[in-house]
Amino acid sequence: MSSGNAGRRPLAATPPTIPRLPHVLVDRSCLLRRLDQLAALTLLVALPGTGRTVLAAAWAQRRREAGDVVAWIDATAELATPERFFGAVHDAVAATGLVTARNRHLSGAGAQTWRGLADALGAEPAARVIVVVDDYEHLTDPGMVSSLGALLRAAPRLHLVATVRVRRDFDVSSLRQGTAPVVIWCADLAVAAAELPAFAQAWGHTITRAQARTLHEMTGGWLTPTRLLLDHSPEAWRPEELDQRAAAGFLKEQVLAPLLDTNSTRLAQRLALPATFGSREIRVAAAELDPGAAPWSGSAGAADDAWHLVRALEHTGLARPVGARSGSAGDAPRWAFASLVRSVLSESLAAAEPGEVLAFHRAMADDLLGHEDDVDLERALLHSACAKEWDTVARIWGRHALRLMIAHTETTAAVFTAIPSSVVHRHPFLRAATTVAQAYLKPEDGLPGLLLHRQLDVEEAMTPDALAAAEPDELAAVTGAAMASRRAAGDLDAAVRLAQWLCKELDSRRSVGGAGPSGLTSAWFTLQRAFTLLLAGHDKRATELTQRAYETAGSPGAEYVAAGAAGQLAFIHARNGDTSAARVWLDRYEALDLTPYAFTELLEIWPRLARAWLRLDQLDPDAMREEVDSFGGRILASEMWCYAVELRVREALLVGEPMKADAELRRARVIQAAAIAAGGAAARIVDRCQADLYLAIGQPNQALRVLDEAATRAAGQVALIDGPGIATPWVRTQQARLRLVSGQPERALRLAGASMWSDLSHRDRCDLLLIKAAAAHLLADHDGADAAFRDAMTLLAGIGGQQHLRMVDPEILAALAGRACPAVAVPEGRRVFPHRTRLVDLSSRERSVLYALARNEGLQAIANAQVVSPHTIKKQIVSLYKTLGVHSREDAVLTGLELGFLPEPEPGSPRSRGRASEL
C-alpha cells in the first residue's frame with residue numbers, strides 16, 4: 001500500500017469477505033493466467049455448478065496476497081438499483097483503506113453515483129483496484145451496464161470482474177467502444193476428462209481414467225453434476241451403477257427451470273432427442289413451437305428464435321459444437337448435449353408429452369427422406385425407428401441395404417436388433433439386416449461366422465408377393481449375403497446358383513422396363529460373384545468380375561467395395577506371379593479411406609495375403625509370417641483359409657519345418673472338411689500342399705496317392721497321373737516334380753512339356769520350366785535344358801525374387817545357371833526336396849492282393865474272389881513282397897500303410913494277423 005494512504009481511517013472495521021475456498025484446491029493455472037491479464041472488464045459467463053465462484057475467489061485471494069486492492073461484492077436483489085450497487089462498491093473499496101471518506105452529497109441517480117465513486121478513486125494515488133462482483137445476474141436495472149462502462153472509462157486503475165449466468169444478463173451492447181469485455185465462457189470452465197481424477201480426489205473419491213471418461217461424456221466436465229454423481233454412487237462403480245437422480249435434479253431445478261422459458265424448454269427438449277442436432281433438427285423443432293408462448297427473444301416460433309436459443313445454449317455450455325457432419329449438406333455445423341443434460345431434457349418431454357416425441361421423429365424422418373438428392377440415411381433410419389414407422393424402416397433398407405450394412409453399421413445394428421419380429425415376418429429380407437446387427441454386436445463371431453450359423457434362405461423367402469415388393473438393391477444385397485452364407489457352409493454350388501438366379505431375375509425386370517440396383521450394390525454383388533468363382537477355382541473369370549466390380553465402384557461412398565476389389569485383385573495377381581500388377585493394386589487399396597466403415601478386417605485379409613506372397617518372393621519368411629499371423633487363428637475360420645495355408649506350407653518348404661506344416665495342414669483339413677469336400681480352390685490347394693509336403697519329408701508314395709485321388713475326383717474315374725492330365729492342371733507341377741525326384745526324368749519331362757499349354761499361372765509355368773530344364777539336364781539334353789532354363793528366367797524376371805529357384809535341386813541348378821545363365825545367382829539354403837527318392841509302383845493286381853491281405857483274408861478266399869488258383873495268388877504275393885521289400889503279411893500291410901496304398905485303419909479296429917502257414 002502507498003504512503004499516501006497513511007492515517008486514513010477505513011469506513012468498515014473489516015475488509016470485504018472473499019468466500020472461503022475449499023480445503024483442497026485443484027490447480028487451474030491456465031484460467032488464472034487469463035484473469036491475470038487484468039482487462040478493464042472481465043466476464044465469467046457460466047451456469048451454476050461450473051466452479052465460477054471458486055475460480056474468482058481463488059484469483060481474488062491471490063491478487064490480494066500479491067498486494068492489489070481487492071473488493072468482493074455478492075450481488076443480490078437488494079443491490080439491484082445503481083445507487084445501492086455503487087454505494088456498496090464504494091463501501092467495499094473504502095473498507096480496504098484506500099478511500100477515507102464517502103461523498104455524502106451525491107444524489108441517488110445512477111450517473112451521479114458512479115461519478116462519485118470515480119471521483120473518490122481519482123482522488124487517490126495510482127493504485128490498482130480490483131472489484132469482483134459475484135452473481136451479477138441479480139442486478140437487473142437497465143442502466144447498470146452503461147453506468148459501469150462510464151465508471152471504467154473514468155477510473156482507468158479500476159478493474160471489474162463479474163460472474164454472470166448467461167451473456168444476456170450483462171448487455172454488452174450498452175457499453176461504448178473501448179470497453180468491450182474479455183469473456184471467459186462456460187466451455188472454458190468445463191473440466192477435461194484428464195483433469196477429473198484430481199477433482200474427484202479433492203472431493204474424497206478415487207476414479208480411474210476410464211471412469212473419468214465416462215463422467216465427462218455424461219456431464220461435459222460440469223463440476224457440480226459430476227460431484228453429485230460421485231457422491232451418490234458406490235465407490236467402485238460401473239457406468240450402469242451411477243446414481244443420476246441428484247445430478248439430474250440439480251440440472252432441472254437450479255439450471256434449466258430458471259434459465260429456459262416455455263418455448264425455449266420445448267425447443268431444447270426436442271433438440272435433445274437425437275444424439276446431435278443441426279439446421280434440419282432446429283428447423284423441424286421450431287415448427288413445433290407454440291406461437292402464443294413467450295419466446296426467447298423476437299417473434300414467437302420464428303426460426304431466428306430457435307437459432308438464438310442454440311447460440312445461447314452453446315454460450316452457456318449446455319450444448320457443445322461437435323463439428324460438421326461428414327456428408328451432410330454443406331457440411332453444416334452440429335451440436336450435442338452432454339448425455340446427462342440430454343437425458344434430463346428428453347425424459348422430461350417423454351413424461352409430459354409422449355406423443356410429441358413420436359411426432360418429432362416422424363417429422364424428422366419425413367424431412368430427411370423428402371430430399372432425394374441428399375438423403376442422410378443414418379439419421380433417416382434412426383428417426384424412422386424412433387417414430388416406430390417400421391414400414392418406412394423396411395423401405396429405407398430395401399433401397400439402401402448395402403450402404404447401411406457397410407457405412408452405417410453401428411446405427412443399423414442398433415435399429416435392427418430392436419425391430420419387432422412381426423415386422424421381419426412382413427418383410428422377410430430384413431433377416432439379413434438382423435444378421436448384420438448381430439455380427440456387429442458380437443465381433444468375436446464375425447460376419448462370416450454368423451452367416452454360417454444363420455442361413456439366409458433367400459429362395460424360401462422369395463414368395464411371389466415378396467419378390468414383387470423387393471427393391472433391386474435389397475434383392476442384390478441380400479442375395480450377396482446369402483451367397484456368403486452358402487460359401488461359409490461349404491456349398492459353393494448353391495452360391496453359384498444364387499448368383500445365376502439373381503442375374504436372371506434382374507434381367508427379367510429390365511426386360512419390362514424395371515430399374516436395376518444402384519452402382520454401389522451392383523458392384524458389391526459383382527464382387528461377391530467374383531469371390532465365389534475364385535473359391536470355386538475359376539480364377540480367370542473371377543479376375544474379370546473383380547476388375548468390373550472395381551470399375552463399377554468408382555462413385556463416392558463406394559470405397560468399401562472398391563477396397564475389397566483392389567485387395568482381391570492384388571492377391572490374385574501376387575499369387576499368380578504378376579507381382580508388378582499386384583503392387584499397383586496394393587497402392588490403390590492403400591489410397592482408399594476405410595475409416596467410416598465396419599468389418600474392414602475382412603477386407604484387410606486380401607492385401608495381407610498379397611504382401612505375404614511378395615515377401616516370400618524376396619525370401620523374407622519372417623515378414624511373410626507377420627502378415628499371415630496378424631489374423632491369428634481367425635484366418636482358419638475365414639473363407640480365405642486355404643490361401644493362408646498355402647503360404648504357410650510354401651514357407652515351411654523353403655525355410656521352415658515341413659513336418660510341423662504337415663500337422664497344421666491336417667488340422668486345417670479337419671476344421672474345413674466341408675469346404676474341401678465341396679471341391680474348388682480349397683480342395684485343389686490342399687492337394688498341392690499335401691503332395692509337396694509328403695515329397696519334402698521323403699514319402700513319395702503318399703504324395704502319389706494324393707495326386708491319384710485328385711485325378712480320380714476330377715475325372716470321376718480312376719485316372720493315371722501319367723495321362724494327359726488336363727482335368728487336373730493344378731497338380732501338374734507336383735506330378736512332374738514327383739517323377740523327377742523319383743528318378744524318372746523322361747516321365748517328368750513329358751509331364752512338364754504337356755502342361756505348358758494348360759491355363760496355368762506364371763508361378764506354375766515357371767516351376768514347370770525349371771522341372772523341364774532339370775529333367776533335360778539329367779537326360780544329357782543340354783540344349784533343351786538350357787532353352788527351358790532361359791525361358792524360366794524370363795518368367796522369373798517378371799515375378800521377381802528367388803523362391804522358385806529354391807525348389808530346384810542345388811547341384812542341378814548350379815549346372816544349369818553356369819551353362820545357360822551365368823549371371824543368375826544360386827540362392828543359398830537347404831535342399832527343399834530330396835535329391836533322389838524311391839517311388840514304389842504296384843500293379844492293379846498287386847494292389848488288389850494287398851487290399852485283401854489288409855482285410856485279413858485267407859489264401860483260398862483271395863483266390864476265389866479273383867477266380868484264380870491259390871498257386872497264382874501265391875506267386876502274386878511273392879511278387880508283392882519283392883516289390884515292397886518285405887517278408888510277411890504284417891510287414892506288407894504296414895508298408896502299404898506307410899506308402900499310402902492303404903487307407904488309415906479306423907481307431908480300435910483289429911490289426912491284420914498273418915497266416916504264415918498259408919503264405
# chains A, B, ... in the order shown; residues from 1 in each chain; ligands from 1

call {"tool": "residues_around", "arguments": {"residues": "Ala212 of chain A", "least_positions_apart": "2", "cutoff": "12 Å", "atoms": "only C-alpha atoms", "output": "ChimeraX atom specification"}}
result
/A:191-201,205-210,214-221,226-227,229-230,237-239

call {"tool": "residues_around", "arguments": {"residues": "Ala387 of chain A", "least_positions_apart": "6", "cutoff": "7 Å", "atoms": "only C-alpha atoms", "output": "NGL selection string"}}
result
:A and (358 or 361-362)

call {"tool": "residues_around", "arguments": {"residues": "Val24 of chain A", "least_positions_apart": "2", "cutoff": "7 Å", "atoms": "only C-alpha atoms", "output": "PyMOL selection string"}}
result
chain A and resi 22+26+202

call {"tool": "atom_distance", "arguments": {"atom1": "atom CA of Asp692 of chain A", "atom2": "atom CA of Ala752 of chain A"}}
result
16.1 Å

call {"tool": "closest_atom_pairs", "arguments": {"of": "segment 307-396 of chain A", "to": "segment 257-280 of chain A", "cutoff": "6 Å", "atoms": "only C-alpha atoms", "output": "CSV"}}
result
residue,atom,partner,partner_atom,distance
A:Arg334,CA,A:Gly278,CA,4.5
A:Trp335,CA,A:Phe277,CA,5.4
A:Ala336,CA,A:Thr276,CA,4.6
A:Arg342,CA,A:Ala272,CA,5.1
A:Leu345,CA,A:Gln269,CA,4.8
A:Ser346,CA,A:Gln269,CA,5.3

call {"tool": "write_last_selection", "arguments": {"atoms": "N, CA and C atoms", "output": "PDB file, in the first residue's frame"}}
result
ATOM      1  N   ARG A 334     -22.874 -28.855 -36.285  1.00  0.00           N
ATOM      2  CA  ARG A 334     -23.801 -29.585 -35.445  1.00  0.00           C
ATOM      3  C   ARG A 334     -23.395 -29.426 -33.982  1.00  0.00           C
ATOM      4  N   TRP A 335     -24.381 -29.673 -33.107  1.00  0.00           N
ATOM      5  CA  TRP A 335     -24.161 -29.538 -31.670  1.00  0.00           C
ATOM      6  C   TRP A 335     -24.658 -30.798 -30.971  1.00  0.00           C
ATOM      7  N   ALA A 336     -24.251 -30.941 -29.715  1.00  0.00           N
ATOM      8  CA  ALA A 336     -24.701 -32.074 -28.906  1.00  0.00           C
ATOM      9  C   ALA A 336     -24.779 -31.642 -27.451  1.00  0.00           C
ATOM     10  N   ARG A 342     -28.875 -34.248 -21.906  1.00  0.00           N
ATOM     11  CA  ARG A 342     -29.763 -34.760 -22.945  1.00  0.00           C
ATOM     12  C   ARG A 342     -30.848 -35.651 -22.344  1.00  0.00           C
ATOM     13  N   LEU A 345     -33.521 -33.551 -20.502  1.00  0.00           N
ATOM     14  CA  LEU A 345     -34.423 -32.860 -21.419  1.00  0.00           C
ATOM     15  C   LEU A 345     -35.366 -33.823 -22.132  1.00  0.00           C
ATOM     16  N   SER A 346     -34.818 -34.898 -22.686  1.00  0.00           N
ATOM     17  CA  SER A 346     -35.646 -35.823 -23.459  1.00  0.00           C
ATOM     18  C   SER A 346     -36.624 -36.586 -22.575  1.00  0.00           C
TER      19      SER A 346
END

call {"tool": "closest_atom_pairs", "arguments": {"of": "segment 221-315 of chain A", "to": "segment 181-187 of chain A", "cutoff": "10 Å", "atoms": "only C-alpha atoms", "output": "Markdown table"}}
result
| residue | atom | partner | partner_atom | distance |
| --- | --- | --- | --- | --- |
| A:Gly221 | CA | A:Ala187 | CA | 8.8 |
| A:Trp222 | CA | A:Cys186 | CA | 9.0 |
| A:Glu314 | CA | A:Ala187 | CA | 8.3 |
| A:His315 | CA | A:Trp185 | CA | 6.6 |

call {"tool": "atom_distance", "arguments": {"atom1": "atom CA of Asp135 of chain A", "atom2": "atom CA of Arg165 of chain A"}}
result
7.2 Å

call {"tool": "closest_residue", "arguments": {"among": "A:Asp539, A:Pro621, A:Pro870, A:Ala865", "to": "Trp730 of chain A", "atoms": "only C-alpha atoms"}}
result
A:Asp539

call {"tool": "closest_residue", "arguments": {"among": "A:Gly753, A:Pro745, A:Gly204, A:Pro321", "to": "His777 of chain A", "atoms": "only C-alpha atoms"}}
result
A:Pro745

call {"tool": "residues_around", "arguments": {"residues": "segment 540-553 of chain A", "least_positions_apart": "3", "cutoff": "6 Å", "atoms": "only C-alpha atoms", "output": "VMD selection string"}}
result
chain A and resid 520 523 526 to 527 530 533 to 534 558 562 565

call {"tool": "write_last_selection", "arguments": {"atoms": "N, CA, C and O atoms", "output": "PDB file, in the first residue's frame"}}
result
ATOM      1  N   LEU A 520     -23.407 -48.892 -56.471  1.00  0.00           N
ATOM      2  CA  LEU A 520     -22.727 -49.466 -55.306  1.00  0.00           C
ATOM      3  C   LEU A 520     -23.153 -50.903 -55.086  1.00  0.00           C
ATOM      4  O   LEU A 520     -22.318 -51.804 -54.923  1.00  0.00           O
ATOM      5  N   ALA A 523     -21.934 -53.214 -57.809  1.00  0.00           N
ATOM      6  CA  ALA A 523     -20.504 -53.508 -57.662  1.00  0.00           C
ATOM      7  C   ALA A 523     -20.279 -54.544 -56.570  1.00  0.00           C
ATOM      8  O   ALA A 523     -19.456 -55.451 -56.711  1.00  0.00           O
ATOM      9  N   THR A 526     -21.359 -57.974 -57.758  1.00  0.00           N
ATOM     10  CA  THR A 526     -20.363 -58.474 -58.712  1.00  0.00           C
ATOM     11  C   THR A 526     -19.126 -58.980 -57.987  1.00  0.00           C
ATOM     12  O   THR A 526     -18.548 -60.016 -58.348  1.00  0.00           O
ATOM     13  N   LEU A 527     -18.726 -58.269 -56.933  1.00  0.00           N
ATOM     14  CA  LEU A 527     -17.568 -58.713 -56.151  1.00  0.00           C
ATOM     15  C   LEU A 527     -17.864 -60.034 -55.447  1.00  0.00           C
ATOM     16  O   LEU A 527     -16.988 -60.912 -55.360  1.00  0.00           O
ATOM     17  N   ALA A 530     -17.545 -62.701 -57.968  1.00  0.00           N
ATOM     18  CA  ALA A 530     -16.138 -62.956 -58.275  1.00  0.00           C
ATOM     19  C   ALA A 530     -15.482 -63.795 -57.190  1.00  0.00           C
ATOM     20  O   ALA A 530     -14.722 -64.732 -57.473  1.00  0.00           O
ATOM     21  N   LEU A 533     -16.596 -67.401 -57.466  1.00  0.00           N
ATOM     22  CA  LEU A 533     -15.921 -68.097 -58.559  1.00  0.00           C
ATOM     23  C   LEU A 533     -14.461 -68.359 -58.233  1.00  0.00           C
ATOM     24  O   LEU A 533     -13.902 -69.391 -58.623  1.00  0.00           O
ATOM     25  N   LEU A 534     -13.830 -67.432 -57.514  1.00  0.00           N
ATOM     26  CA  LEU A 534     -12.440 -67.651 -57.108  1.00  0.00           C
ATOM     27  C   LEU A 534     -12.337 -68.868 -56.201  1.00  0.00           C
ATOM     28  O   LEU A 534     -11.445 -69.719 -56.368  1.00  0.00           O
ATOM     29  N   ALA A 558     -18.428 -45.480 -52.258  1.00  0.00           N
ATOM     30  CA  ALA A 558     -18.268 -46.902 -52.596  1.00  0.00           C
ATOM     31  C   ALA A 558     -16.859 -47.385 -52.292  1.00  0.00           C
ATOM     32  O   ALA A 558     -16.407 -48.378 -52.854  1.00  0.00           O
ATOM     33  N   ALA A 562     -14.741 -50.812 -53.482  1.00  0.00           N
ATOM     34  CA  ALA A 562     -13.523 -50.595 -54.270  1.00  0.00           C
ATOM     35  C   ALA A 562     -12.317 -51.187 -53.566  1.00  0.00           C
ATOM     36  O   ALA A 562     -11.445 -51.796 -54.203  1.00  0.00           O
ATOM     37  N   ALA A 565     -12.377 -54.978 -53.899  1.00  0.00           N
ATOM     38  CA  ALA A 565     -11.961 -55.404 -55.234  1.00  0.00           C
ATOM     39  C   ALA A 565     -10.460 -55.209 -55.432  1.00  0.00           C
ATOM     40  O   ALA A 565      -9.777 -56.088 -55.978  1.00  0.00           O
TER      41      ALA A 565
END

call {"tool": "select_by_dssp", "arguments": {"residues": "segment 139-365 of chain A", "states": "strand (DSSP E or B)", "output": "PDB file with N, CA and C atoms, in the first residue's frame"}}
result
ATOM      1  N   LEU A 158      -9.229   1.022 -12.250  1.00  0.00           N
ATOM      2  CA  LEU A 158     -10.226   0.083 -11.743  1.00  0.00           C
ATOM      3  C   LEU A 158     -10.385  -1.074 -12.725  1.00  0.00           C
ATOM      4  N   HIS A 159     -10.389  -2.278 -12.160  1.00  0.00           N
ATOM      5  CA  HIS A 159     -10.592  -3.493 -12.958  1.00  0.00           C
ATOM      6  C   HIS A 159     -11.784  -4.236 -12.379  1.00  0.00           C
ATOM      7  N   LEU A 160     -12.794  -4.469 -13.223  1.00  0.00           N
ATOM      8  CA  LEU A 160     -14.023  -5.098 -12.765  1.00  0.00           C
ATOM      9  C   LEU A 160     -14.099  -6.516 -13.312  1.00  0.00           C
ATOM     10  N   VAL A 161     -14.337  -7.489 -12.421  1.00  0.00           N
ATOM     11  CA  VAL A 161     -14.551  -8.884 -12.797  1.00  0.00           C
ATOM     12  C   VAL A 161     -15.935  -9.278 -12.320  1.00  0.00           C
ATOM     13  N   ALA A 162     -16.783  -9.773 -13.248  1.00  0.00           N
ATOM     14  CA  ALA A 162     -18.151 -10.122 -12.889  1.00  0.00           C
ATOM     15  C   ALA A 162     -18.441 -11.549 -13.311  1.00  0.00           C
ATOM     16  N   THR A 163     -19.048 -12.325 -12.408  1.00  0.00           N
ATOM     17  CA  THR A 163     -19.547 -13.650 -12.770  1.00  0.00           C
ATOM     18  C   THR A 163     -21.022 -13.510 -13.098  1.00  0.00           C
ATOM     19  N   VAL A 164     -21.430 -14.093 -14.197  1.00  0.00           N
ATOM     20  CA  VAL A 164     -22.797 -13.913 -14.671  1.00  0.00           C
ATOM     21  C   VAL A 164     -23.284 -15.230 -15.255  1.00  0.00           C
ATOM     22  N   VAL A 182     -13.487  -8.799 -21.806  1.00  0.00           N
ATOM     23  CA  VAL A 182     -12.864 -10.097 -22.056  1.00  0.00           C
ATOM     24  C   VAL A 182     -13.779 -11.132 -21.424  1.00  0.00           C
ATOM     25  N   VAL A 183     -14.158 -12.156 -22.198  1.00  0.00           N
ATOM     26  CA  VAL A 183     -15.151 -13.125 -21.722  1.00  0.00           C
ATOM     27  C   VAL A 183     -14.503 -14.491 -21.557  1.00  0.00           C
ATOM     28  N   ILE A 184     -14.697 -15.093 -20.398  1.00  0.00           N
ATOM     29  CA  ILE A 184     -14.343 -16.492 -20.152  1.00  0.00           C
ATOM     30  C   ILE A 184     -15.660 -17.261 -20.106  1.00  0.00           C
ATOM     31  N   TRP A 185     -15.857 -18.148 -21.086  1.00  0.00           N
ATOM     32  CA  TRP A 185     -17.142 -18.814 -21.224  1.00  0.00           C
ATOM     33  C   TRP A 185     -17.228 -20.068 -20.367  1.00  0.00           C
ATOM     34  N   PHE A 277     -27.579 -32.398 -33.167  1.00  0.00           N
ATOM     35  CA  PHE A 277     -28.587 -31.641 -33.922  1.00  0.00           C
ATOM     36  C   PHE A 277     -27.907 -30.548 -34.727  1.00  0.00           C
ATOM     37  N   ALA A 319     -24.961 -26.969 -24.595  1.00  0.00           N
ATOM     38  CA  ALA A 319     -24.727 -27.667 -25.860  1.00  0.00           C
ATOM     39  C   ALA A 319     -23.342 -27.288 -26.358  1.00  0.00           C
ATOM     40  N   ARG A 320     -22.657 -28.271 -26.903  1.00  0.00           N
ATOM     41  CA  ARG A 320     -21.296 -28.007 -27.384  1.00  0.00           C
ATOM     42  C   ARG A 320     -21.204 -28.341 -28.866  1.00  0.00           C
ATOM     43  N   PRO A 321     -20.441 -27.574 -29.620  1.00  0.00           N
ATOM     44  CA  PRO A 321     -20.274 -27.892 -31.051  1.00  0.00           C
ATOM     45  C   PRO A 321     -19.542 -29.224 -31.199  1.00  0.00           C
ATOM     46  N   VAL A 322     -19.990 -30.002 -32.136  1.00  0.00           N
ATOM     47  CA  VAL A 322     -19.324 -31.286 -32.406  1.00  0.00           C
ATOM     48  C   VAL A 322     -18.815 -31.335 -33.836  1.00  0.00           C
ATOM     49  N   GLY A 323     -18.707 -30.177 -34.473  1.00  0.00           N
ATOM     50  CA  GLY A 323     -18.142 -30.116 -35.811  1.00  0.00           C
ATOM     51  C   GLY A 323     -19.171 -30.420 -36.871  1.00  0.00           C
ATOM     52  N   ALA A 324     -18.712 -30.382 -38.105  1.00  0.00           N
ATOM     53  CA  ALA A 324     -19.601 -30.644 -39.240  1.00  0.00           C
ATOM     54  C   ALA A 324     -19.843 -32.122 -39.366  1.00  0.00           C
ATOM     55  N   PRO A 333     -22.635 -27.089 -39.445  1.00  0.00           N
ATOM     56  CA  PRO A 333     -22.213 -27.381 -38.076  1.00  0.00           C
ATOM     57  C   PRO A 333     -23.303 -28.101 -37.298  1.00  0.00           C
ATOM     58  N   ARG A 334     -22.874 -28.855 -36.285  1.00  0.00           N
ATOM     59  CA  ARG A 334     -23.801 -29.585 -35.445  1.00  0.00           C
ATOM     60  C   ARG A 334     -23.395 -29.426 -33.982  1.00  0.00           C
ATOM     61  N   TRP A 335     -24.381 -29.673 -33.107  1.00  0.00           N
ATOM     62  CA  TRP A 335     -24.161 -29.538 -31.670  1.00  0.00           C
ATOM     63  C   TRP A 335     -24.658 -30.798 -30.971  1.00  0.00           C
ATOM     64  N   ALA A 336     -24.251 -30.941 -29.715  1.00  0.00           N
ATOM     65  CA  ALA A 336     -24.701 -32.074 -28.906  1.00  0.00           C
ATOM     66  C   ALA A 336     -24.779 -31.642 -27.451  1.00  0.00           C
ATOM     67  N   PHE A 337     -25.737 -32.206 -26.733  1.00  0.00           N
ATOM     68  CA  PHE A 337     -25.812 -32.037 -25.287  1.00  0.00           C
ATOM     69  C   PHE A 337     -24.962 -33.119 -24.626  1.00  0.00           C
TER      70      PHE A 337
END

call {"tool": "residues_around", "arguments": {"residues": "segment 58-75 of chain A", "least_positions_apart": "2", "cutoff": "10 Å", "atoms": "only C-alpha atoms", "output": "ChimeraX atom specification"}}
result
/A:1,15-22,25,27-29,31-33,35-36,52-56,77-80,85,88-98,127-139,158-163

call {"tool": "residues_around", "arguments": {"residues": "Ala852 of chain A", "least_positions_apart": "3", "cutoff": "12 Å", "atoms": "only C-alpha atoms", "output": "list in words"}}
result
Arg845, Glu846, Arg847, Ser848, Val849, Arg855, Asn856, Glu857, Gly858, Leu859, Gln860, Ala861, Ile862, Ala863, Asn864, Ala865, Gln866, Ile873, Ile877, Arg889, Ala892, Val893, Gly896, Leu902, Ser912 and Gly914 of chain A

call {"tool": "write_last_selection", "arguments": {"atoms": "C-alpha atoms", "output": "PDB file, in the first residue's frame"}}
result
ATOM      1  CA  ARG A 845      -3.306-106.985 -59.362  1.00  0.00           C
ATOM      2  CA  GLU A 846      -0.718-106.348 -56.639  1.00  0.00           C
ATOM      3  CA  ARG A 847      -2.925-103.639 -55.174  1.00  0.00           C
ATOM      4  CA  SER A 848      -5.961-105.895 -55.040  1.00  0.00           C
ATOM      5  CA  VAL A 849      -3.908-108.588 -53.285  1.00  0.00           C
ATOM      6  CA  ARG A 855      -8.695-107.342 -44.751  1.00  0.00           C
ATOM      7  CA  ASN A 856      -7.076-110.459 -43.227  1.00  0.00           C
ATOM      8  CA  GLU A 857      -8.469-112.733 -45.924  1.00  0.00           C
ATOM      9  CA  GLY A 858      -7.040-116.223 -46.370  1.00  0.00           C
ATOM     10  CA  LEU A 859      -5.298-117.601 -49.450  1.00  0.00           C
ATOM     11  CA  GLN A 860      -8.302-119.552 -50.678  1.00  0.00           C
ATOM     12  CA  ALA A 861     -10.688-116.621 -50.154  1.00  0.00           C
ATOM     13  CA  ILE A 862      -8.437-114.357 -52.196  1.00  0.00           C
ATOM     14  CA  ALA A 863      -8.225-116.933 -54.985  1.00  0.00           C
ATOM     15  CA  ASN A 864     -11.992-117.419 -55.027  1.00  0.00           C
ATOM     16  CA  ALA A 865     -12.602-113.661 -55.183  1.00  0.00           C
ATOM     17  CA  GLN A 866     -10.259-113.276 -58.140  1.00  0.00           C
ATOM     18  CA  ILE A 873      -2.215-115.970 -55.689  1.00  0.00           C
ATOM     19  CA  ILE A 877       2.020-112.409 -53.105  1.00  0.00           C
ATOM     20  CA  ARG A 889       1.835-110.343 -44.433  1.00  0.00           C
ATOM     21  CA  ALA A 892       3.323-105.889 -46.193  1.00  0.00           C
ATOM     22  CA  VAL A 893       0.270-104.296 -44.631  1.00  0.00           C
ATOM     23  CA  GLY A 896       1.362-100.474 -47.604  1.00  0.00           C
ATOM     24  CA  LEU A 902      -3.953 -98.439 -47.912  1.00  0.00           C
ATOM     25  CA  SER A 912      -4.161-107.683 -39.537  1.00  0.00           C
ATOM     26  CA  GLY A 914      -0.894-113.096 -40.953  1.00  0.00           C
TER      27      GLY A 914
END

call {"tool": "closest_residue", "arguments": {"among": "A:Arg819, A:Arg167, A:Arg486, A:Arg283", "to": "Ala312 of chain A", "atoms": "only C-alpha atoms"}}
result
A:Arg167

call {"tool": "select_by_dssp", "arguments": {"residues": "segment 402-596 of chain A", "states": "alpha helix (DSSP H)", "output": "MDAnalysis selection string"}}
result
chainID A and resid 402:407 409:416 421:426 430:441 446:453 458:461 464:469 472:488 492:511 519:535 539:552 559:576 579:590

call {"tool": "residues_around", "arguments": {"residues": "segment 741-743 of chain A", "least_positions_apart": "6", "cutoff": "6 Å", "atoms": "only C-alpha atoms", "output": "PyMOL selection string"}}
result
chain A and resi 836-839

call {"tool": "atom_distance", "arguments": {"atom1": "atom CA of Met405 of chain A", "atom2": "atom CA of His425 of chain A"}}
result
20.1 Å

call {"tool": "decode", "arguments": {"residues": "segment 402-413 of chain A", "atoms": "N, CA and C atoms", "output": "PDB file, in the first residue's frame"}}
result
ATOM      1  N   LEU A 402     -27.202 -52.110 -48.786  1.00  0.00           N
ATOM      2  CA  LEU A 402     -25.755 -52.290 -48.741  1.00  0.00           C
ATOM      3  C   LEU A 402     -25.069 -51.126 -48.046  1.00  0.00           C
ATOM      4  N   ARG A 403     -25.469 -49.902 -48.384  1.00  0.00           N
ATOM      5  CA  ARG A 403     -24.838 -48.732 -47.760  1.00  0.00           C
ATOM      6  C   ARG A 403     -25.060 -48.746 -46.249  1.00  0.00           C
ATOM      7  N   LEU A 404     -26.229 -49.184 -45.828  1.00  0.00           N
ATOM      8  CA  LEU A 404     -26.488 -49.278 -44.389  1.00  0.00           C
ATOM      9  C   LEU A 404     -25.588 -50.328 -43.752  1.00  0.00           C
ATOM     10  N   MET A 405     -25.358 -51.439 -44.443  1.00  0.00           N
ATOM     11  CA  MET A 405     -24.558 -52.525 -43.877  1.00  0.00           C
ATOM     12  C   MET A 405     -23.103 -52.133 -43.701  1.00  0.00           C
ATOM     13  N   ILE A 406     -22.545 -51.424 -44.674  1.00  0.00           N
ATOM     14  CA  ILE A 406     -21.101 -51.202 -44.648  1.00  0.00           C
ATOM     15  C   ILE A 406     -20.705 -49.825 -44.155  1.00  0.00           C
ATOM     16  N   ALA A 407     -21.586 -48.819 -44.323  1.00  0.00           N
ATOM     17  CA  ALA A 407     -21.206 -47.456 -43.966  1.00  0.00           C
ATOM     18  C   ALA A 407     -21.872 -46.977 -42.687  1.00  0.00           C
ATOM     19  N   HIS A 408     -22.983 -47.585 -42.306  1.00  0.00           N
ATOM     20  CA  HIS A 408     -23.700 -47.151 -41.102  1.00  0.00           C
ATOM     21  C   HIS A 408     -24.020 -48.376 -40.245  1.00  0.00           C
ATOM     22  N   THR A 409     -23.010 -49.195 -40.029  1.00  0.00           N
ATOM     23  CA  THR A 409     -23.244 -50.488 -39.381  1.00  0.00           C
ATOM     24  C   THR A 409     -23.703 -50.332 -37.946  1.00  0.00           C
ATOM     25  N   GLU A 410     -23.120 -49.389 -37.218  1.00  0.00           N
ATOM     26  CA  GLU A 410     -23.483 -49.236 -35.807  1.00  0.00           C
ATOM     27  C   GLU A 410     -24.954 -48.845 -35.672  1.00  0.00           C
ATOM     28  N   THR A 411     -25.386 -47.877 -36.468  1.00  0.00           N
ATOM     29  CA  THR A 411     -26.787 -47.467 -36.424  1.00  0.00           C
ATOM     30  C   THR A 411     -27.703 -48.591 -36.895  1.00  0.00           C
ATOM     31  N   THR A 412     -27.318 -49.274 -37.962  1.00  0.00           N
ATOM     32  CA  THR A 412     -28.112 -50.394 -38.449  1.00  0.00           C
ATOM     33  C   THR A 412     -28.247 -51.466 -37.376  1.00  0.00           C
ATOM     34  N   ALA A 413     -27.157 -51.735 -36.662  1.00  0.00           N
ATOM     35  CA  ALA A 413     -27.208 -52.732 -35.592  1.00  0.00           C
ATOM     36  C   ALA A 413     -28.165 -52.304 -34.492  1.00  0.00           C
TER      37      ALA A 413
END
